[in-house]
file upload-v1.csv (CSV, N, CA and C atoms)
chain,number,residue,atom,x,y,z
A,1,MET,N,4.8,-25.3,-12.2
A,1,MET,CA,4.8,-24.5,-13.5
A,1,MET,C,3.5,-23.7,-13.6
A,2,THR,N,3.6,-22.5,-14.0
A,2,THR,CA,2.4,-21.6,-14.1
A,2,THR,C,1.7,-21.9,-15.5
A,3,TYR,N,0.5,-21.4,-15.6
A,3,TYR,CA,-0.2,-21.6,-16.9
A,3,TYR,C,0.5,-20.9,-18.0
A,4,GLU,N,1.1,-19.7,-17.7
A,4,GLU,CA,1.9,-19.0,-18.7
A,4,GLU,C,3.0,-19.8,-19.2
A,5,GLU,N,3.8,-20.4,-18.3
A,5,GLU,CA,4.9,-21.2,-18.7
A,5,GLU,C,4.5,-22.5,-19.4
A,6,PHE,N,3.4,-23.1,-18.9
A,6,PHE,CA,2.9,-24.2,-19.7
A,6,PHE,C,2.5,-23.9,-21.1
A,7,THR,N,1.8,-22.8,-21.3
A,7,THR,CA,1.4,-22.3,-22.6
A,7,THR,C,2.6,-22.1,-23.5
A,8,GLN,N,3.6,-21.4,-23.0
A,8,GLN,CA,4.8,-21.1,-23.8
A,8,GLN,C,5.6,-22.4,-24.1
A,9,ASN,N,5.7,-23.3,-23.2
A,9,ASN,CA,6.4,-24.5,-23.4
A,9,ASN,C,5.6,-25.4,-24.3
A,10,ARG,N,4.3,-25.4,-24.2
A,10,ARG,CA,3.5,-26.3,-25.0
A,10,ARG,C,3.5,-25.9,-26.5
A,11,ILE,N,3.5,-24.6,-26.7
A,11,ILE,CA,3.6,-24.1,-28.1
A,11,ILE,C,4.9,-24.6,-28.7
A,12,ALA,N,6.0,-24.4,-28.0
A,12,ALA,CA,7.3,-24.9,-28.5
A,12,ALA,C,7.3,-26.4,-28.7
A,13,HIS,N,6.8,-27.1,-27.8
A,13,HIS,CA,6.8,-28.6,-28.0
A,13,HIS,C,6.0,-29.0,-29.2
A,14,LEU,N,4.8,-28.5,-29.4
A,14,LEU,CA,4.0,-28.8,-30.5
A,14,LEU,C,4.5,-28.3,-31.8
A,15,ARG,N,5.2,-27.2,-31.8
A,15,ARG,CA,5.8,-26.7,-33.0
A,15,ARG,C,6.9,-27.6,-33.5
A,16,ILE,N,7.7,-28.0,-32.5
A,16,ILE,CA,8.9,-28.9,-32.8
A,16,ILE,C,8.3,-30.2,-33.3
A,17,GLN,N,7.3,-30.8,-32.7
A,17,GLN,CA,6.6,-32.0,-33.2
A,17,GLN,C,6.2,-31.9,-34.6
A,18,LYS,N,5.6,-30.7,-35.0
A,18,LYS,CA,5.1,-30.5,-36.3
A,18,LYS,C,6.3,-30.3,-37.3
A,19,GLY,N,7.4,-29.9,-36.8
A,19,GLY,CA,8.6,-29.8,-37.7
A,19,GLY,C,8.6,-28.5,-38.4
A,20,VAL,N,8.2,-27.4,-37.8
A,20,VAL,CA,8.2,-26.1,-38.5
A,20,VAL,C,9.0,-25.1,-37.6
A,21,SER,N,9.5,-24.1,-38.3
A,21,SER,CA,10.3,-23.1,-37.6
A,21,SER,C,9.4,-22.1,-36.9
A,22,ALA,N,9.9,-21.5,-35.9
A,22,ALA,CA,9.1,-20.4,-35.2
A,22,ALA,C,8.7,-19.3,-36.2
A,23,ARG,N,9.6,-19.0,-37.1
A,23,ARG,CA,9.4,-18.0,-38.1
A,23,ARG,C,8.2,-18.4,-39.0
A,24,ASP,N,8.3,-19.6,-39.5
A,24,ASP,CA,7.3,-20.0,-40.5
A,24,ASP,C,5.9,-20.1,-39.8
A,25,MET,N,5.9,-20.6,-38.5
A,25,MET,CA,4.6,-20.6,-37.8
A,25,MET,C,4.1,-19.2,-37.6
A,26,SER,N,4.9,-18.3,-37.2
A,26,SER,CA,4.5,-16.9,-37.0
A,26,SER,C,3.8,-16.4,-38.2
A,27,LEU,N,4.5,-16.5,-39.3
A,27,LEU,CA,4.0,-16.0,-40.6
A,27,LEU,C,2.7,-16.7,-41.0
A,28,SER,N,2.6,-18.0,-40.7
A,28,SER,CA,1.4,-18.8,-41.0
A,28,SER,C,0.2,-18.3,-40.2
A,29,LEU,N,0.5,-17.8,-39.1
A,29,LEU,CA,-0.6,-17.2,-38.2
A,29,LEU,C,-0.9,-15.8,-38.5
A,30,GLY,N,-0.2,-15.2,-39.5
A,30,GLY,CA,-0.4,-13.8,-39.8
A,30,GLY,C,0.2,-12.8,-38.9
A,31,GLN,N,1.2,-13.3,-38.2
A,31,GLN,CA,1.9,-12.4,-37.2
A,31,GLN,C,3.3,-12.0,-37.7
A,32,ASN,N,4.0,-11.2,-37.0
A,32,ASN,CA,5.4,-10.8,-37.4
A,32,ASN,C,6.3,-12.0,-37.3
A,33,ASN,N,7.4,-12.0,-38.0
A,33,ASN,CA,8.2,-13.2,-38.1
A,33,ASN,C,8.9,-13.7,-36.8
A,34,SER,N,8.9,-12.9,-35.7
A,34,SER,CA,9.4,-13.3,-34.4
A,34,SER,C,8.4,-13.5,-33.4
A,35,TYR,N,7.1,-13.5,-33.7
A,35,TYR,CA,6.0,-13.6,-32.8
A,35,TYR,C,6.1,-14.9,-31.9
A,36,ILE,N,6.3,-16.1,-32.5
A,36,ILE,CA,6.3,-17.3,-31.8
A,36,ILE,C,7.6,-17.4,-31.0
A,37,ASN,N,8.7,-16.9,-31.5
A,37,ASN,CA,10.0,-16.9,-30.8
A,37,ASN,C,9.8,-16.1,-29.5
A,38,GLN,N,9.1,-15.0,-29.6
A,38,GLN,CA,8.9,-14.1,-28.4
A,38,GLN,C,8.1,-14.9,-27.3
A,39,ILE,N,7.1,-15.7,-27.8
A,39,ILE,CA,6.3,-16.5,-26.8
A,39,ILE,C,7.2,-17.5,-26.2
A,40,GLU,N,7.9,-18.3,-27.1
A,40,GLU,CA,8.7,-19.4,-26.6
A,40,GLU,C,9.9,-18.9,-25.7
A,41,ASN,N,10.3,-17.7,-25.9
A,41,ASN,CA,11.4,-17.2,-25.0
A,41,ASN,C,10.8,-16.4,-23.8
A,42,LYS,N,9.6,-16.6,-23.6
A,42,LYS,CA,8.9,-16.1,-22.4
A,42,LYS,C,8.9,-14.5,-22.3
A,43,LYS,N,8.8,-13.9,-23.5
A,43,LYS,CA,8.8,-12.4,-23.6
A,43,LYS,C,7.4,-11.9,-23.8
A,44,SER,N,6.5,-12.8,-24.2
A,44,SER,CA,5.1,-12.4,-24.4
A,44,SER,C,4.2,-13.6,-24.3
A,45,MET,N,2.9,-13.4,-24.4
A,45,MET,CA,1.9,-14.4,-24.4
A,45,MET,C,0.9,-14.1,-25.5
A,46,PRO,N,0.3,-15.2,-26.1
A,46,PRO,CA,-0.7,-15.0,-27.1
A,46,PRO,C,-2.0,-14.5,-26.5
A,47,SER,N,-2.7,-13.7,-27.3
A,47,SER,CA,-4.1,-13.4,-26.8
A,47,SER,C,-4.9,-14.6,-26.9
A,48,LEU,N,-6.1,-14.6,-26.4
A,48,LEU,CA,-7.0,-15.7,-26.4
A,48,LEU,C,-7.3,-16.1,-27.9
A,49,GLN,N,-7.6,-15.0,-28.7
A,49,GLN,CA,-7.9,-15.2,-30.1
A,49,GLN,C,-6.8,-15.9,-30.8
A,50,VAL,N,-5.6,-15.4,-30.6
A,50,VAL,CA,-4.4,-16.0,-31.3
A,50,VAL,C,-4.2,-17.5,-30.8
A,51,LEU,N,-4.4,-17.7,-29.5
A,51,LEU,CA,-4.3,-19.1,-29.0
A,51,LEU,C,-5.3,-20.0,-29.7
A,52,PHE,N,-6.5,-19.5,-30.0
A,52,PHE,CA,-7.4,-20.4,-30.8
A,52,PHE,C,-6.8,-20.6,-32.2
A,53,TYR,N,-6.2,-19.6,-32.8
A,53,TYR,CA,-5.6,-19.8,-34.1
A,53,TYR,C,-4.4,-20.8,-34.0
A,54,ILE,N,-3.7,-20.7,-32.9
A,54,ILE,CA,-2.6,-21.7,-32.7
A,54,ILE,C,-3.1,-23.1,-32.6
A,55,CYS,N,-4.2,-23.3,-31.9
A,55,CYS,CA,-4.8,-24.6,-31.8
A,55,CYS,C,-5.3,-25.1,-33.1
A,56,ASP,N,-5.9,-24.2,-33.9
A,56,ASP,CA,-6.3,-24.6,-35.3
A,56,ASP,C,-5.1,-25.0,-36.1
A,57,TYR,N,-4.0,-24.2,-36.0
A,57,TYR,CA,-2.8,-24.5,-36.7
A,57,TYR,C,-2.3,-25.9,-36.4
A,58,PHE,N,-2.4,-26.3,-35.1
A,58,PHE,CA,-1.9,-27.6,-34.8
A,58,PHE,C,-2.9,-28.7,-35.0
A,59,GLY,N,-4.2,-28.3,-35.3
A,59,GLY,CA,-5.2,-29.3,-35.6
A,59,GLY,C,-5.8,-29.9,-34.3
A,60,ILE,N,-5.8,-29.1,-33.2
A,60,ILE,CA,-6.3,-29.6,-31.9
A,60,ILE,C,-7.2,-28.6,-31.3
A,61,THR,N,-8.0,-29.0,-30.3
A,61,THR,CA,-8.9,-28.1,-29.6
A,61,THR,C,-8.1,-27.5,-28.5
A,62,PRO,N,-8.7,-26.4,-27.9
A,62,PRO,CA,-8.1,-25.8,-26.7
A,62,PRO,C,-8.0,-26.8,-25.6
A,63,GLN,N,-9.0,-27.6,-25.5
A,63,GLN,CA,-9.0,-28.7,-24.4
A,63,GLN,C,-7.8,-29.6,-24.6
A,64,GLN,N,-7.5,-30.0,-25.8
A,64,GLN,CA,-6.4,-30.9,-26.1
A,64,GLN,C,-5.1,-30.1,-25.8
A,65,PHE,N,-5.0,-28.8,-26.1
A,65,PHE,CA,-3.8,-28.0,-25.9
A,65,PHE,C,-3.5,-28.0,-24.4
A,66,PHE,N,-4.5,-27.8,-23.6
A,66,PHE,CA,-4.2,-27.7,-22.1
A,66,PHE,C,-4.2,-29.0,-21.4
A,67,ASP,N,-4.3,-30.1,-22.1
A,67,ASP,CA,-4.3,-31.5,-21.4
A,67,ASP,C,-2.8,-31.8,-21.2
A,68,GLU,N,-2.3,-31.6,-20.0
A,68,GLU,CA,-0.9,-31.9,-19.8
A,68,GLU,C,-0.5,-33.4,-20.0
A,69,GLY,N,-1.5,-34.3,-19.8
A,69,GLY,CA,-1.2,-35.7,-20.0
A,69,GLY,C,-1.2,-36.2,-21.4
A,70,ASP,N,-1.5,-35.3,-22.3
A,70,ASP,CA,-1.5,-35.7,-23.8
A,70,ASP,C,-0.3,-35.0,-24.4
A,71,THR,N,0.7,-35.8,-24.6
A,71,THR,CA,2.0,-35.3,-25.1
A,71,THR,C,1.9,-35.1,-26.7
A,72,TYR,N,1.0,-35.9,-27.3
A,72,TYR,CA,0.9,-35.9,-28.8
A,72,TYR,C,-0.6,-35.6,-29.2
A,73,PRO,N,-1.1,-34.4,-28.9
A,73,PRO,CA,-2.5,-34.2,-29.1
A,73,PRO,C,-3.0,-34.3,-30.6
A,74,ALA,N,-2.2,-33.8,-31.5
A,74,ALA,CA,-2.6,-33.8,-32.9
A,74,ALA,C,-2.6,-35.2,-33.4
A,75,GLN,N,-1.6,-36.0,-33.0
A,75,GLN,CA,-1.6,-37.4,-33.5
A,75,GLN,C,-2.8,-38.2,-32.9
A,76,LEU,N,-3.1,-38.0,-31.6
A,76,LEU,CA,-4.2,-38.6,-30.9
A,76,LEU,C,-5.5,-38.3,-31.5
A,77,ALA,N,-5.7,-37.0,-31.8
A,77,ALA,CA,-6.9,-36.5,-32.5
A,77,ALA,C,-7.1,-37.2,-33.8
A,78,GLU,N,-6.1,-37.3,-34.6
A,78,GLU,CA,-6.1,-37.9,-35.9
A,78,GLU,C,-6.5,-39.4,-35.8
A,79,LEU,N,-5.8,-40.0,-34.8
A,79,LEU,CA,-6.1,-41.5,-34.6
A,79,LEU,C,-7.6,-41.7,-34.2
A,80,ILE,N,-8.1,-40.9,-33.3
A,80,ILE,CA,-9.5,-41.0,-32.9
A,80,ILE,C,-10.4,-40.8,-34.1
A,81,GLU,N,-10.1,-39.8,-34.9
A,81,GLU,CA,-11.0,-39.6,-36.1
A,81,GLU,C,-10.9,-40.9,-37.0
A,82,ASP,N,-9.8,-41.5,-37.2
A,82,ASP,CA,-9.6,-42.7,-38.0
A,82,ASP,C,-10.4,-43.8,-37.4
A,83,MET,N,-10.3,-44.0,-36.1
A,83,MET,CA,-10.9,-45.1,-35.4
A,83,MET,C,-12.5,-45.0,-35.4
A,84,LYS,N,-13.0,-43.8,-35.6
A,84,LYS,CA,-14.4,-43.6,-35.7
A,84,LYS,C,-15.0,-44.2,-37.0
A,85,LYS,N,-14.1,-44.5,-37.9
A,85,LYS,CA,-14.5,-45.0,-39.2
A,85,LYS,C,-14.5,-46.5,-39.3
A,86,VAL,N,-14.0,-47.2,-38.3
A,86,VAL,CA,-13.8,-48.7,-38.4
A,86,VAL,C,-15.0,-49.4,-37.7
A,87,ASP,N,-15.2,-50.6,-38.0
A,87,ASP,CA,-16.3,-51.4,-37.4
A,87,ASP,C,-16.0,-51.8,-36.0
A,88,THR,N,-16.9,-52.3,-35.3
A,88,THR,CA,-16.8,-52.7,-33.9
A,88,THR,C,-15.7,-53.8,-33.7
A,89,VAL,N,-15.7,-54.8,-34.5
A,89,VAL,CA,-14.8,-55.9,-34.4
A,89,VAL,C,-13.3,-55.3,-34.5
A,90,THR,N,-13.1,-54.5,-35.5
A,90,THR,CA,-11.8,-53.9,-35.7
A,90,THR,C,-11.4,-53.0,-34.6
A,91,LEU,N,-12.3,-52.3,-34.1
A,91,LEU,CA,-12.1,-51.4,-33.0
A,91,LEU,C,-11.7,-52.2,-31.7
A,92,THR,N,-12.3,-53.3,-31.5
A,92,THR,CA,-12.0,-54.2,-30.4
A,92,THR,C,-10.6,-54.7,-30.5
A,93,HIS,N,-10.2,-55.1,-31.7
A,93,HIS,CA,-8.8,-55.6,-31.9
A,93,HIS,C,-7.8,-54.5,-31.7
A,94,ILE,N,-8.1,-53.3,-32.2
A,94,ILE,CA,-7.2,-52.2,-32.0
A,94,ILE,C,-7.0,-51.9,-30.5
A,95,SER,N,-8.1,-51.8,-29.8
A,95,SER,CA,-8.1,-51.6,-28.4
A,95,SER,C,-7.3,-52.6,-27.6
A,96,ALA,N,-7.5,-53.8,-27.9
A,96,ALA,CA,-6.7,-54.9,-27.3
A,96,ALA,C,-5.2,-54.7,-27.6
A,97,LEU,N,-4.9,-54.4,-28.8
A,97,LEU,CA,-3.5,-54.2,-29.2
A,97,LEU,C,-2.8,-53.0,-28.4
A,98,ILE,N,-3.6,-51.9,-28.4
A,98,ILE,CA,-3.1,-50.7,-27.7
A,98,ILE,C,-2.9,-51.0,-26.2
A,99,LYS,N,-3.8,-51.8,-25.6
A,99,LYS,CA,-3.7,-52.1,-24.2
A,99,LYS,C,-2.4,-53.0,-23.9
A,100,LYS,N,-2.2,-53.9,-24.9
A,100,LYS,CA,-1.0,-54.8,-24.8
A,100,LYS,C,0.3,-53.9,-24.9
A,101,ILE,N,0.3,-53.0,-25.8
A,101,ILE,CA,1.5,-52.2,-26.1
A,101,ILE,C,1.7,-51.3,-24.8
A,102,ALA,N,0.7,-50.7,-24.3
A,102,ALA,CA,0.8,-49.8,-23.1
A,102,ALA,C,1.3,-50.5,-21.9
A,103,GLU,N,1.1,-51.8,-21.8
A,103,GLU,CA,1.6,-52.6,-20.6
A,103,GLU,C,3.1,-52.6,-20.6
A,104,LYS,N,3.7,-52.5,-21.7
A,104,LYS,CA,5.2,-52.7,-21.8
A,104,LYS,C,5.9,-51.5,-21.2
call {"tool": "encode", "arguments": {"input": "upload-v1.csv", "output": "structure tokens"}}
result
Amino acid sequence: MTYEEFTQNRIAHLRIQKGVSARDMSLSLGQNNSYINQIENKKSMPSLQVLFYICDYFGITPQQFFDEGDTYPAQLAELIEDMKKVDTVTLTHISALIKKIAEK
């Protein structure tokens, strides 16, 4: 898969996860109503500036956007922010629980 295809597919995947239409996302980004649809249908690519806006829209960094191993970057980023607020003992328990769940 090329970077272009990854970018187009990633935008579609994250948009669906967020539960918004391509039209609503396009308008939220200040673009014409078919902008995201054109990207997802492989007819265009976002500029770098718009890609940064897209990352902001999803609440993720460009690094998280391009991390192929991170299927749910917005949820993971939110979880990490929440975990920064807990004490060490709680964090240790959460870590053990996640490791146990991941083993299954």
call {"tool": "atom_distance", "arguments": {"input": "upload-v1.csv", "atom1": "CA of Met45 (chain A)", "atom2": "CA of Asn9 (chain A)"}}
result
11.1 Å
call {"tool": "select_by_dssp", "arguments": {"input": "upload-v1.csv", "residues": "chain A", "states": "helix (DSSP H, G or I)", "output": "PyMOL selection string"}}
result
chain A and resi 3-18+22-28+35-40+48-58+62-65+73-83+88-103
call {"tool": "closest_residue", "arguments": {"input": "upload-v1.csv", "among": "A:Thr92, A:Gln63, A:Thr2, A:Asn32", "to": "Leu51 (chain A)", "atoms": "only C-alpha atoms"}}
result
A:Gln63
call {"tool": "atom_distance", "arguments": {"input": "upload-v1.csv", "atom1": "CA of Leu29 (chain A)", "atom2": "atom N of Thr61 (chain A)"}}
result
16.0 Å
call {"tool": "axis_aligned_box", "arguments": {"input": "upload-v1.csv", "around": "region 15-23 of chain A", "padding_each_side": "3 Å", "output": "lines of an AutoDock Vina configuration file"}}
result
center_x = 7.7
center_y = -25.0
center_z = -35.4
size_x = 11.2
size_y = 20.0
size_z = 13.2
call {"tool": "atom_distance", "arguments": {"input": "upload-v1.csv", "atom1": "atom N of Glu78 (chain A)", "atom2": "atom C of Gly59 (chain A)"}}
result
7.4 Å
call {"tool": "closest_residue", "arguments": {"input": "upload-v1.csv", "among": "A:Lys104, A:Gln8, A:Ile98, A:Phe52", "to": "Leu79 (chain A)", "atoms": "only C-alpha atoms"}}
result
A:Ile98
call {"tool": "residues_around", "arguments": {"input": "upload-v1.csv", "residues": "Ile36 (chain A)", "least_positions_apart": "3", "cutoff": "7 Å", "atoms": "all atoms listed in the file", "output": "compact mmCIF listing (two decimals) with N, CA and C atoms, in the frame of the given file"}}
result
# COMPACT_ATOMS: atom_id res chain seq x y z
N ALA A 22 9.90 -21.50 -35.90
CA ALA A 22 9.10 -20.40 -35.20
C ALA A 22 8.70 -19.30 -36.20
N ARG A 23 9.60 -19.00 -37.10
CA ARG A 23 9.40 -18.00 -38.10
C ARG A 23 8.20 -18.40 -39.00
N MET A 25 5.90 -20.60 -38.50
CA MET A 25 4.60 -20.60 -37.80
C MET A 25 4.10 -19.20 -37.60
N SER A 26 4.90 -18.30 -37.20
CA SER A 26 4.50 -16.90 -37.00
C SER A 26 3.80 -16.40 -38.20
N ASN A 32 4.00 -11.20 -37.00
CA ASN A 32 5.40 -10.80 -37.40
C ASN A 32 6.30 -12.00 -37.30
N ASN A 33 7.40 -12.00 -38.00
CA ASN A 33 8.20 -13.20 -38.10
C ASN A 33 8.90 -13.70 -36.80
N ILE A 39 7.10 -15.70 -27.80
CA ILE A 39 6.30 -16.50 -26.80
C ILE A 39 7.20 -17.50 -26.20
N GLU A 40 7.90 -18.30 -27.10
CA GLU A 40 8.70 -19.40 -26.60
C GLU A 40 9.90 -18.90 -25.70
N ASN A 41 10.30 -17.70 -25.90
CA ASN A 41 11.40 -17.20 -25.00
C ASN A 41 10.80 -16.40 -23.80
call {"tool": "closest_residue", "arguments": {"input": "upload-v1.csv", "among": "A:Lys42, A:His13, A:Tyr35, A:Ser28", "to": "Tyr57 (chain A)", "atoms": "all atoms listed in the file"}}
result
A:Ser28
call {"tool": "closest_residue", "arguments": {"input": "upload-v1.csv", "among": "A:Ser44, A:Thr90, A:Thr7, A:Ser95", "to": "Phe66 (chain A)", "atoms": "all atoms listed in the file"}}
result
A:Thr7
call {"tool": "residues_around", "arguments": {"input": "upload-v1.csv", "residues": "Gln64 (chain A)", "least_positions_apart": "2", "cutoff": "12 Å", "atoms": "only C-alpha atoms", "output": "ChimeraX atom specification"}}
result
/A:10,14,52,54-56,58-62,66-77
